[in-house]
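J.: What follows is my_file-v3.pdb, made up of PDB, C-alpha atoms:
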```
MODEL        1
ATOM      1  CA  MET A 144      55.471  51.607  28.548
ATOM      2  CA  ASP A 145      58.825  53.147  27.690
ATOM      3  CA  ILE A 146      61.767  53.613  30.065
ATOM      4  CA  GLU A 147      60.990  57.261  30.840
ATOM      5  CA  GLN A 148      57.458  56.359  31.912
ATOM      6  CA  LEU A 149      58.508  53.246  33.853
ATOM      7  CA  MET A 150      61.397  54.824  35.763
ATOM      8  CA  PRO A 151      59.353  57.066  38.133
ATOM      9  CA  HIS A 152      57.108  54.130  39.068
ATOM     10  CA  ILE A 153      60.111  52.022  40.059
ATOM     11  CA  GLU A 154      61.574  54.991  41.904
ATOM     12  CA  ALA A 155      58.312  55.398  43.829
ATOM     13  CA  LEU A 156      58.239  51.692  44.755
ATOM     14  CA  ILE A 157      61.774  51.776  46.166
ATOM     15  CA  PHE A 158      61.043  55.004  48.043
ATOM     16  CA  ALA A 159      57.827  53.644  49.595
ATOM     17  CA  SER A 160      59.275  50.287  50.656
ATOM     18  CA  GLU A 161      60.494  49.950  54.246
ATOM     19  CA  ARG A 162      62.992  47.256  53.225
ATOM     20  CA  PRO A 163      65.231  46.522  50.228
ATOM     21  CA  LEU A 164      63.051  45.693  47.222
ATOM     22  CA  THR A 165      64.166  43.024  44.749
ATOM     23  CA  GLN A 166      63.734  43.257  40.986
ATOM     24  CA  MET A 167      61.353  40.301  41.110
ATOM     25  CA  GLU A 168      59.156  42.061  43.658
ATOM     26  CA  MET A 169      59.143  45.203  41.518
ATOM     27  CA  ALA A 170      58.090  43.167  38.481
ATOM     28  CA  GLU A 171      55.229  41.517  40.383
ATOM     29  CA  VAL A 172      53.874  44.853  41.608
ATOM     30  CA  LEU A 173      54.184  46.480  38.198
ATOM     31  CA  VAL A 174      52.315  43.605  36.536
ATOM     32  CA  GLN A 175      49.470  44.086  39.013
ATOM     33  CA  ALA A 176      49.476  47.854  38.483
ATOM     34  CA  PHE A 177      49.586  47.881  34.671
ATOM     35  CA  GLU A 178      48.200  44.409  33.931
ATOM     36  CA  THR A 179      51.023  43.741  31.492
ATOM     37  CA  PRO A 180      54.395  41.983  31.883
ATOM     38  CA  ILE A 181      57.483  44.156  32.311
ATOM     39  CA  GLU A 182      60.728  42.713  30.992
ATOM     40  CA  PRO A 183      63.476  42.281  33.642
ATOM     41  CA  GLU A 184      65.934  44.049  31.322
ATOM     42  CA  ARG A 185      63.798  47.201  31.338
ATOM     43  CA  ILE A 186      63.573  47.164  35.121
ATOM     44  CA  ALA A 187      67.351  46.740  35.371
ATOM     45  CA  THR A 188      67.866  49.675  32.975
ATOM     46  CA  CYS A 189      65.582  51.870  35.088
ATOM     47  CA  ILE A 190      67.385  50.899  38.293
ATOM     48  CA  GLU A 191      70.737  51.828  36.799
ATOM     49  CA  ALA A 192      69.339  55.173  35.626
ATOM     50  CA  ILE A 193      67.941  55.887  39.102
ATOM     51  CA  ARG A 194      71.298  54.983  40.638
ATOM     52  CA  GLU A 195      73.141  57.394  38.355
ATOM     53  CA  LYS A 196      70.585  60.122  39.037
ATOM     54  CA  TYR A 197      71.064  60.056  42.816
ATOM     55  CA  ASP A 198      74.823  59.658  42.665
ATOM     56  CA  ALA A 199      74.922  63.380  41.898
ATOM     57  CA  THR A 200      76.560  65.308  44.760
ATOM     58  CA  TYR A 201      73.573  67.563  45.430
ATOM     59  CA  TYR A 202      71.383  64.629  46.556
ATOM     60  CA  PRO A 203      71.839  63.645  50.247
ATOM     61  CA  PHE A 204      70.801  60.041  49.596
ATOM     62  CA  GLN A 205      71.573  57.370  47.009
ATOM     63  CA  LEU A 206      70.280  54.057  45.669
ATOM     64  CA  LYS A 207      72.121  51.080  47.149
ATOM     65  CA  GLU A 208      71.883  47.354  46.454
ATOM     66  CA  ILE A 209      71.794  45.626  49.836
ATOM     67  CA  GLY A 210      70.357  42.400  51.194
ATOM     68  CA  GLY A 211      69.515  41.220  47.700
ATOM     69  CA  GLY A 212      67.365  44.276  46.917
ATOM     70  CA  TYR A 213      67.423  48.030  46.390
ATOM     71  CA  GLN A 214      66.870  50.820  48.911
ATOM     72  CA  PHE A 215      67.446  54.557  49.234
ATOM     73  CA  LEU A 216      70.040  55.268  51.916
ATOM     74  CA  THR A 217      71.469  58.503  53.298
ATOM     75  CA  LYS A 218      74.966  59.257  52.073
ATOM     76  CA  LYS A 219      77.765  58.950  54.626
ATOM     77  CA  ALA A 220      78.330  62.702  54.825
ATOM     78  CA  TYR A 221      74.865  63.119  56.379
ATOM     79  CA  HIS A 222      74.861  60.197  58.839
ATOM     80  CA  LYS A 223      75.744  62.337  61.876
ATOM     81  CA  THR A 224      73.004  64.852  61.101
ATOM     82  CA  VAL A 225      70.311  62.195  60.631
ATOM     83  CA  LEU A 226      71.419  60.476  63.821
ATOM     84  CA  GLN A 227      70.312  63.520  65.826
ATOM     85  CA  LEU A 228      66.729  62.921  64.717
ATOM     86  CA  ASN A 229      66.200  60.024  67.107
ATOM     87  CA  GLY A 230      69.135  60.441  69.443
ATOM     88  CA  ASP A 231      71.394  57.857  71.061
ATOM     89  CA  LYS A 232      68.465  56.007  72.660
ATOM     90  CA  HIS A 233      67.824  54.191  69.384
ATOM     91  CA  ILE A 234      71.443  53.177  68.795
ATOM     92  CA  LYS A 235      71.813  49.455  69.439
ATOM     93  CA  LYS A 236      75.309  48.798  70.705
ATOM     94  CA  LEU A 237      76.854  45.352  71.031
ATOM     95  CA  SER A 238      79.213  44.289  73.792
ATOM     96  CA  SER A 239      82.740  43.293  72.851
ATOM     97  CA  SER A 240      81.921  39.617  73.470
ATOM     98  CA  ALA A 241      78.867  39.831  71.208
ATOM     99  CA  MET A 242      80.939  41.578  68.534
ATOM    100  CA  GLU A 243      83.583  38.844  68.722
ATOM    101  CA  THR A 244      80.926  36.146  68.428
ATOM    102  CA  LEU A 245      79.263  37.941  65.505
ATOM    103  CA  ALA A 246      82.593  38.271  63.702
ATOM    104  CA  ILE A 247      83.327  34.565  64.129
ATOM    105  CA  ILE A 248      79.887  33.618  62.799
ATOM    106  CA  ALA A 249      80.210  36.037  59.875
ATOM    107  CA  TYR A 250      83.555  34.624  58.725
ATOM    108  CA  LYS A 251      83.098  30.938  59.638
ATOM    109  CA  GLN A 252      79.388  30.381  58.897
ATOM    110  CA  PRO A 253      77.657  28.020  59.024
ATOM    111  CA  ILE A 254      79.006  27.261  62.503
ATOM    112  CA  THR A 255      77.880  25.586  65.724
ATOM    113  CA  LYS A 256      78.048  26.966  69.264
ATOM    114  CA  SER A 257      80.788  24.530  70.265
ATOM    115  CA  GLU A 258      82.896  25.638  67.297
ATOM    116  CA  ILE A 259      82.409  29.284  68.299
ATOM    117  CA  GLU A 260      83.424  28.498  71.876
ATOM    118  CA  PHE A 261      86.472  26.562  70.644
ATOM    119  CA  ILE A 262      87.688  29.681  68.823
ATOM    120  CA  ARG A 263      86.836  32.176  71.592
ATOM    121  CA  GLY A 264      87.823  29.944  74.494
ATOM    122  CA  VAL A 265      84.764  30.958  76.555
ATOM    123  CA  SER A 266      81.044  30.233  76.669
ATOM    124  CA  ALA A 267      79.014  31.849  73.867
ATOM    125  CA  ASP A 268      75.477  31.204  75.190
ATOM    126  CA  TYR A 269      74.739  34.795  76.228
ATOM    127  CA  SER A 270      76.292  36.393  73.137
ATOM    128  CA  ILE A 271      74.449  34.079  70.761
ATOM    129  CA  GLN A 272      71.124  34.820  72.454
ATOM    130  CA  LYS A 273      71.734  38.572  72.233
ATOM    131  CA  LEU A 274      72.568  38.303  68.532
ATOM    132  CA  LEU A 275      69.409  36.255  67.953
ATOM    133  CA  ASP A 276      67.348  38.833  69.859
ATOM    134  CA  LYS A 277      68.756  41.623  67.686
ATOM    135  CA  GLU A 278      68.081  39.500  64.585
ATOM    136  CA  LEU A 279      71.714  39.726  63.456
ATOM    137  CA  ILE A 280      72.060  35.940  63.237
ATOM    138  CA  VAL A 281      69.676  33.087  62.479
ATOM    139  CA  ILE A 282      69.499  29.354  63.103
ATOM    140  CA  THR A 283      69.872  27.645  59.740
ATOM    141  CA  GLY A 284      69.419  24.033  60.868
ATOM    142  CA  ARG A 285      71.476  21.327  62.556
ATOM    143  CA  ASN A 286      74.820  19.736  61.842
ATOM    144  CA  GLU A 287      73.749  16.169  61.159
ATOM    145  CA  GLU A 288      77.342  14.909  61.157
ATOM    146  CA  MET A 289      78.229  16.063  64.694
ATOM    147  CA  VAL A 290      77.342  14.288  67.922
ATOM    148  CA  GLY A 291      74.016  15.536  69.253
ATOM    149  CA  LYS A 292      73.246  17.261  65.943
ATOM    150  CA  PRO A 293      73.881  20.800  67.324
ATOM    151  CA  LEU A 294      72.217  23.924  65.943
ATOM    152  CA  VAL A 295      74.002  25.784  63.169
ATOM    153  CA  TYR A 296      74.198  29.595  63.060
ATOM    154  CA  ALA A 297      74.697  32.095  60.240
ATOM    155  CA  THR A 298      74.338  35.851  59.773
ATOM    156  CA  SER A 299      70.886  37.188  58.895
ATOM    157  CA  LYS A 300      69.547  39.377  56.118
ATOM    158  CA  ASN A 301      69.380  42.214  58.681
ATOM    159  CA  PHE A 302      73.115  41.850  59.275
ATOM    160  CA  MET A 303      73.790  42.263  55.562
ATOM    161  CA  ASP A 304      71.409  45.228  55.400
ATOM    162  CA  TYR A 305      73.302  46.972  58.237
ATOM    163  CA  LEU A 306      76.604  46.508  56.416
ATOM    164  CA  GLY A 307      75.196  47.339  53.005
ATOM    165  CA  ILE A 308      76.242  44.041  51.439
ATOM    166  CA  ASN A 309      74.396  41.327  49.530
ATOM    167  CA  SER A 310      76.209  38.234  50.777
ATOM    168  CA  PRO A 311      78.858  37.150  53.327
ATOM    169  CA  GLY A 312      81.242  36.843  50.391
ATOM    170  CA  GLN A 313      81.372  40.652  50.238
ATOM    171  CA  LEU A 314      82.807  40.952  53.756
ATOM    172  CA  PRO A 315      86.342  42.392  53.888
ATOM    173  CA  GLN A 316      89.057  39.763  53.686
ATOM    174  CA  LEU A 317      90.690  39.166  57.065
ATOM    175  CA  LYS A 318      94.130  39.813  55.589
ATOM    176  CA  ASP A 319      92.920  43.284  54.596
ATOM    177  CA  ILE A 320      91.755  44.304  58.067
ATOM    178  CA  THR A 321      94.278  42.694  60.395
ATOM    179  CA  ASN A 322      97.764  41.266  60.436
ATOM    180  CA  VAL A 323      97.251  39.447  63.728
ATOM    181  CA  GLU A 324      98.047  35.745  63.477
ATOM    182  CA  ILE A 325      95.262  33.583  64.881
ATOM    183  CA  VAL A 326      96.682  30.642  66.867
ATOM    184  CA  PHE A 327      94.428  27.639  67.458
ATOM    185  CA  PRO A 328      94.925  25.074  70.246
ATOM    186  CA  THR A 329      97.231  22.217  69.322
ATOM    187  CA  ASN A 330      95.620  18.823  68.766
ATOM    188  CA  GLY A 331      96.789  16.122  71.147
ATOM    189  CA  SER A 332      98.238  14.058  68.317
ATOM    190  CA  GLU A 333     100.264  17.033  67.145
ATOM    191  CA  ALA A 334     101.713  17.595  70.614
ATOM    192  CA  VAL A 335     103.664  14.305  70.623
ATOM    193  CA  PRO A 336     107.419  15.011  70.200
ATOM    194  CA  GLU A 337     109.050  13.661  67.064
ATOM    195  CA  ASN A 338     111.611  11.840  69.237
ATOM    196  CA  GLU A 339     108.977  10.156  71.408
ATOM    197  CA  GLY A 340     110.400   7.170  73.263
ATOM    198  CA  LEU A 341     113.789   8.769  73.898
ATOM    199  CA  PHE A 342     112.607  10.429  77.099
ATOM    200  CA  VAL A 343     111.022   9.201  80.352
ATOM    201  CA  VAL A 344     109.508  10.948  83.378
ATOM    202  CA  ASN A 345     111.006  10.088  86.779
ATOM    203  CA  GLU A 346     109.158   9.918  90.120
ATOM    204  CA  GLU A 347     109.763  13.622  90.728
ATOM    205  CA  GLY A 348     108.097  14.512  87.415
ATOM    206  CA  SER A 349     111.317  15.527  85.680
ATOM    207  CA  LEU A 350     111.895  14.714  81.996
ATOM    208  CA  LEU A 351     115.021  12.602  81.530
ATOM    209  CA  HIS A 352     116.739  11.078  78.518
ATOM    210  CA  LYS A 353     116.587   7.287  78.638
ATOM    211  CA  GLY A 354     120.346   7.149  78.696
ATOM    212  CA  GLU A 355     120.517   9.206  81.899
TER     213      GLU A 355
ENDMDL
END
```
Once you've parsed the file, please lay out its structure as structure tokens.

T.:
Amino acid sequence: MDIEQLMPHIEALIFASERPLTQMEMAEVLVQAFETPIEPERIATCIEAIREKYDATYYPFQLKEIGGGYQFLTKKAYHKTVLQLNGDKHIKKLSSSAMETLAIIAYKQPITKSEIEFIRGVSADYSIQKLLDKELIVITGRNEEMVGKPLVYATSKNFMDYLGINSPGQLPQLKDITNVEIVFPTNGSEAVPENEGLFVVNEEGSLLHKGE
């Protein structure tokens, strides 16, 4: 089967799939349909041709590589129009605390709850549960090196699908989106003055030089 014959079949598979479809999945389906192996290079060539086809301005959607696979998505110019189809009732909004927790997990993953709480300074139980319920994060195991072997969290495939990325490595660099300096609590050992031993505390709690 040549490229021109193969291309519409791949296009139909991507269109019919409810989730991003990987090249391996396409190959498996095509083998079952035609009872003959299809070289990965030919599938890749067809995907690139489909991408170029729908990049044309007169198409309202395009082929995007997200979550490790390929999916047809509406172009940004039509997002507001499509949104009216289902209305605001289907928009899942996150609270500011959940957004903060999600951002920390996205940039520091894999990460434990105690590490999240250390950064935020408040409990993260509720936010983590909400993010799990919305399938934006997943439990990837336990940190065997920490006391109690706490659960470890990371962003999910759904999270990457929502952002249209294939891996956390494609997230914007923090330096590109903010110039706010993040200040972490000082460790106790770092809080000891360099001239320790030169000062004493009197009965009233005042700090005095030993010579005073």

J.: Take the PyMOL selection byres ((chain A and resi 204-215) around 6), apply it to the structure above, and return the hits as a compact mmCIF listing (two decimals) with C-alpha atoms, in the frame of the given file.

T.:
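Generated output (result36.txt):
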```txt
# COMPACT_ATOMS: atom_id res chain seq x y z
CA ILE A 157 61.77 51.78 46.17
CA PRO A 163 65.23 46.52 50.23
CA LEU A 164 63.05 45.69 47.22
CA THR A 165 64.17 43.02 44.75
CA ARG A 194 71.30 54.98 40.64
CA TYR A 197 71.06 60.06 42.82
CA ASP A 198 74.82 59.66 42.66
CA TYR A 202 71.38 64.63 46.56
CA PRO A 203 71.84 63.64 50.25
CA LEU A 216 70.04 55.27 51.92
CA THR A 217 71.47 58.50 53.30
CA LYS A 218 74.97 59.26 52.07
CA LYS A 300 69.55 39.38 56.12
CA MET A 303 73.79 42.26 55.56
CA ASP A 304 71.41 45.23 55.40
CA GLY A 307 75.20 47.34 53.00
CA ILE A 308 76.24 44.04 51.44
CA ASN A 309 74.40 41.33 49.53
```

J.: Please write out, as JSON, where the centre of an axis-aligned box around all listed atoms of segment 148-155 of chain A lies and how long its edges are, in Å to one decimal, after adding 3 Å on each side.

T.:
```
{"center_x": 59.3, "center_y": 54.5, "center_z": 37.9, "size_x": 10.5, "size_y": 11.0, "size_z": 17.9}
```

J.: Please measure the separation of atom CA of Glu243 of chain A and atom CA of Arg285 of chain A, giving the value in Å to one decimal.

T.: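 A separation of 22.2 Å between them.
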
J.: With distances taken over only C-alpha atoms, which residue among A:Thr298, A:Glu154, A:Gly264, A:Gly291 lies nearest Tyr250 of chain A?

T.: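 Under the stated criterion, the closest residue is A:Thr298.
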
J.: Leu279 of chain A: which residues within 12 Å, counting all atoms listed in the file, same-chain residues fewer than 5 positions away excluded, as number ranges by chain?

T.: A: 235, 237, 241-242, 244-246, 248-249, 270-274, 296-306

J.: What separation in Å, quoted to one decimal, exists between atom CA of Ile193 of chain A and atom CA of Val172 of chain A?

T.: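 Value for the atom CA of Ile193 of chain A-atom CA of Val172 of chain A distance: 18.1 Å.
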
J.: May I ask which of the residues A:Thr200, A:Ser240, A:Ala192, A:Leu149 is the closest one to Ala176 of chain A, counting all atoms listed in the file?

T.: A:Leu149

J.: For a quick check of understanding, using only C-alpha atoms, which of A:Pro180, A:Pro151, A:Pro293, A:Gly312 has the smallest distance to Met167 of chain A?

T.: A:Pro180

J.: Considering all atoms listed in the file, state which residue in the set A:Ser310, A:Thr188, A:Ser266, A:Ser239 is at the smallest distance from Met150 of chain A.

T.: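 Under the stated criterion, the closest residue is A:Thr188.
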
J.: Which residue is closest to Ala267 of chain A? Choose from A:Val281, A:Ala187, A:Ile247, A:Leu173 and count all atoms listed in the file.

T.: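 For Ala267 of chain A, the nearest of the candidates is A:Ile247.
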